[in-house]
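Chemist: The structure under discussion is supplied below as structure tokens; questions concerning it will follow.
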Amino acid sequence: MAKDWWLYQGEGPGEDRRARLEAGSPPPWRDFTGVPDPAYGPPGRTGEAWERTRRRGEGYVPDEPEKDVVNTALHLRRPLLVTGKPGVGKSTLAYSIAADLALGPVLHWPITSRTVLRDGLYLYDAIGRLQEAGLEQVRLPGAPAAAPPGSAAPSIARYLRLGPLGTALLPQRRPRVLLIDEIDKSDIDLPGDLLTVFEDGGFVIPELARLAKEEPTVAIGTDDDPDAGVAVTQGRVQCSYFPVVVLTSNGERDFPPAFLRRCVRLHLEAPGPEKLARIVRGRLGVDITGADGTEYQDLVRSFLERAEDGDLATDQLLNAIQLRLAGAWSAPGDRDRFLATVMQHLTGPTA
């Protein structure tokens with residue numbers, strides 16, 4: 001049963017709940033002052049990117065404790081740190097939030113050991129700008145190397161583009177959903193670097209700040225659209241509604257206490273038989289609990305038994321059922337090879 005204070009329910013688009021989300025008052029310490037650019041419209045519920053978000057998010061099956069934690073993060077306007085073993089649905093939760101509250105396509109920032117904060121905030125093609133300046137010198141021999149006053153900012157704007165985090169922090173009347181995937185793979189400094197951005201709800205682009213006197217407002221591209229032309233004033237991007245930030249971690253490292261206390265934490269356990277049945281019904285439209293689902297119930301039991309010897313991902317069970325729906329691997333003698341093929345362990349001695 002849905003609780004009155006829930007905004008996210010995981011049951012499909014709810015216009016009334018999105019309206020409550022937009023109208024809700026933030027905590028005083030999470031009230032930001034960014035002013036939206038009236039000429040900029042973020043992606044809505046149309047197009048290929050939204051369809052990808054909707055399809056991935058609609059099949060997610062959250063439990064009541066998950067809904068409680070997600071809604072806590074929404075009300076407090078804090079990042080949500082989701083931990084758990086690979087394949088339990090950590091990343092899919094971000095898509096479920098976006099689909100359930102109709103917040104547009106998810107912004108995705110995958111993290112590696114080489115990722116730095118600026119990668120998520122904005123991209124600046126300094127080499128491309130220098131190359132074009134060199135070409136101008138070739139085309140116009142004798143032209144001054146430096147652009148005349150007042151022309152530098154429009155020129156540099158062509159080589160700037162907001163990253164996924166920078167785009168999420170644009171001032172808007174409703175939040176975007178940002179997935180920061182596998183934060184535990186980052187360099188040791190990245191979680192600490194994120195703290196200031198999360199607390200301030202904004203950041204400065206130094207390349208634009210240096211040109212602010214000549215060109216106070218510059219239009220640049222976003223992670224969704226390089227030609228979006230969203231206005232950035234004085235080089236600062238400042239949100240008005242803190243984005244829905246979902247950070248995922250496979251538990252490969254610990255995070256500093258200062259980072260953890262600024263996040264709302266959710267740990268996802270591997271699903272049991274009942275939840276697996278709901279996932280299969282939501283993803284594949286197959287009710288495995290009835291009399292006609294005996295074969296698929298056997299696959300669920302095999303999945304759970306094999307998971308005792310090493311981690312498995314839920315989508316491996318979905319793959320197995322999808323193959324059986326297609327008539328593949330149906331010979332009685334194929335069972336062991338079938339399970340070994342589609343349910344290979346992710347961890348453990350047989351991985």
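So you can find residues: chains in the structure tokens are A, B, ... in the order shown, residues in each start at 1, and ligands are numbered from 1 in order.
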At a cut-off of 10 Å, using only C-alpha atoms, what residues contact Arg17 in chain A? Leave out same-chain residues fewer than 6 positions from it and give the result as a list in words.
Modeler: Trp5, Trp6, Leu7, Tyr8, Gln9, Ala23, Asp100, Leu101 and Ala102 of chain A
Chemist: Which residues are near range 69-74 of chain A? Cut-off 10 Å, only C-alpha atoms, ignore same chain within fewer than 5 positions. Put them as a PyMOL selection string.
Modeler: chain A and resi 5-9+21+24+26+62+64+79-82+93-94+97+175+242-246+263-267
Chemist: Any chance you could list, as an MDAnalysis selection string, the residues in range 106-297 of chain A that come up alpha helix (DSSP H) when DSSP is run on the backbone?
Modeler: chainID A and resid 117:121 126:139 152:157 164:168 190:200 206:209 257:260 273:284 294:297
Chemist: In Å, rounded to a single decimal, give me how far CA of Leu160 in chain A is from CA of Ile220 in chain A.
Modeler: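 Atom-to-atom, CA of Ile220 in chain A and CA of Leu160 in chain A are spaced 6.2 Å apart.
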Chemist: Near range 306-311 of chain A, counting only C-alpha atoms, which residues have an atom at most 8 Å away, once you skip same-chain residues fewer than 5 positions from it, shown as an MDAnalysis selection string?
Modeler: chainID A and resid 85:86 343 345:351
Chemist: Taking 4 positions as the minimum chain separation for residues in the same chain, which residues sit within 10 Å of Leu318 in chain A when counting only C-alpha atoms? Answer as a list in words.
Modeler: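 Near Leu318 in chain A, the qualifying residues are Leu276, Ile279, Val280, Arg283, Leu284, Leu299, Val300, Ala313, Thr314, Gln322, Leu323, Arg324 and Val342 of chain A.
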Chemist: Any idea what's packed within 8 Å of Gly282 in chain A, counting only C-alpha atoms, ignoring anything in its chain fewer than 6 positions away? Could you give it as a PyMOL selection string?
Modeler: chain A and resi 58-61
Chemist: For Tyr40 in chain A, which residue out of A:Ala328, A:Val177, A:Leu170, A:Leu190 is the nearest one, using only C-alpha atoms?
Modeler: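 Between A:Ala328, A:Val177, A:Leu170, A:Leu190, the residue approaching Tyr40 in chain A most closely is A:Leu170.
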Chemist: Do you know which residues are at most 12 Å from Trp29 in chain A counting only C-alpha atoms, after dropping those on the same chain fewer than 2 positions away, and could you put them as a PyMOL selection string?
Modeler: chain A and resi 25-27+31-33+76-78+198-201+242+262
Chemist: Do a neighbour search on Ser186 in chain A at 10 Å with only C-alpha atoms, toss out local chain neighbours closer than 4 positions, and write the hits as a ChimeraX atom specification.
Modeler: /A:110-116,181-182,190-191,253
Chemist: What gap, in Å, lies between CA of Asp223 in chain A and CA of Pro13 in chain A?
Modeler: 24.3 Å
Chemist: With only C-alpha atoms as the atoms that count, which of A:Asp68, A:Glu22, A:Leu165, A:Arg301 lies nearest to Ala2 in chain A?
Modeler: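 Smallest separation from Ala2 in chain A among the options: A:Asp68.
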Chemist: Please determine, counting only C-alpha atoms, which residue among A:Tyr95, A:Tyr241, A:Tyr159, A:Trp109 has the shortest atom-to-atom distance to His75 in chain A.
Modeler: A:Tyr241
Chemist: Looking at A:Leu194, A:Leu169, A:Leu123, A:Leu179, which one is nearest to Cys239 in chain A, with distances taken over only C-alpha atoms?
Modeler: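 Comparing A:Leu194, A:Leu169, A:Leu123, A:Leu179 against Cys239 in chain A, the winner is A:Leu169.
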Chemist: Residues of range 6-247 of chain A in strand (DSSP E) according to DSSP, as a PyMOL selection string?
Modeler: chain A and resi 80-83+107-110+122-124+160-162+177-181+202-204+217-220+230-233+236-238+244-247
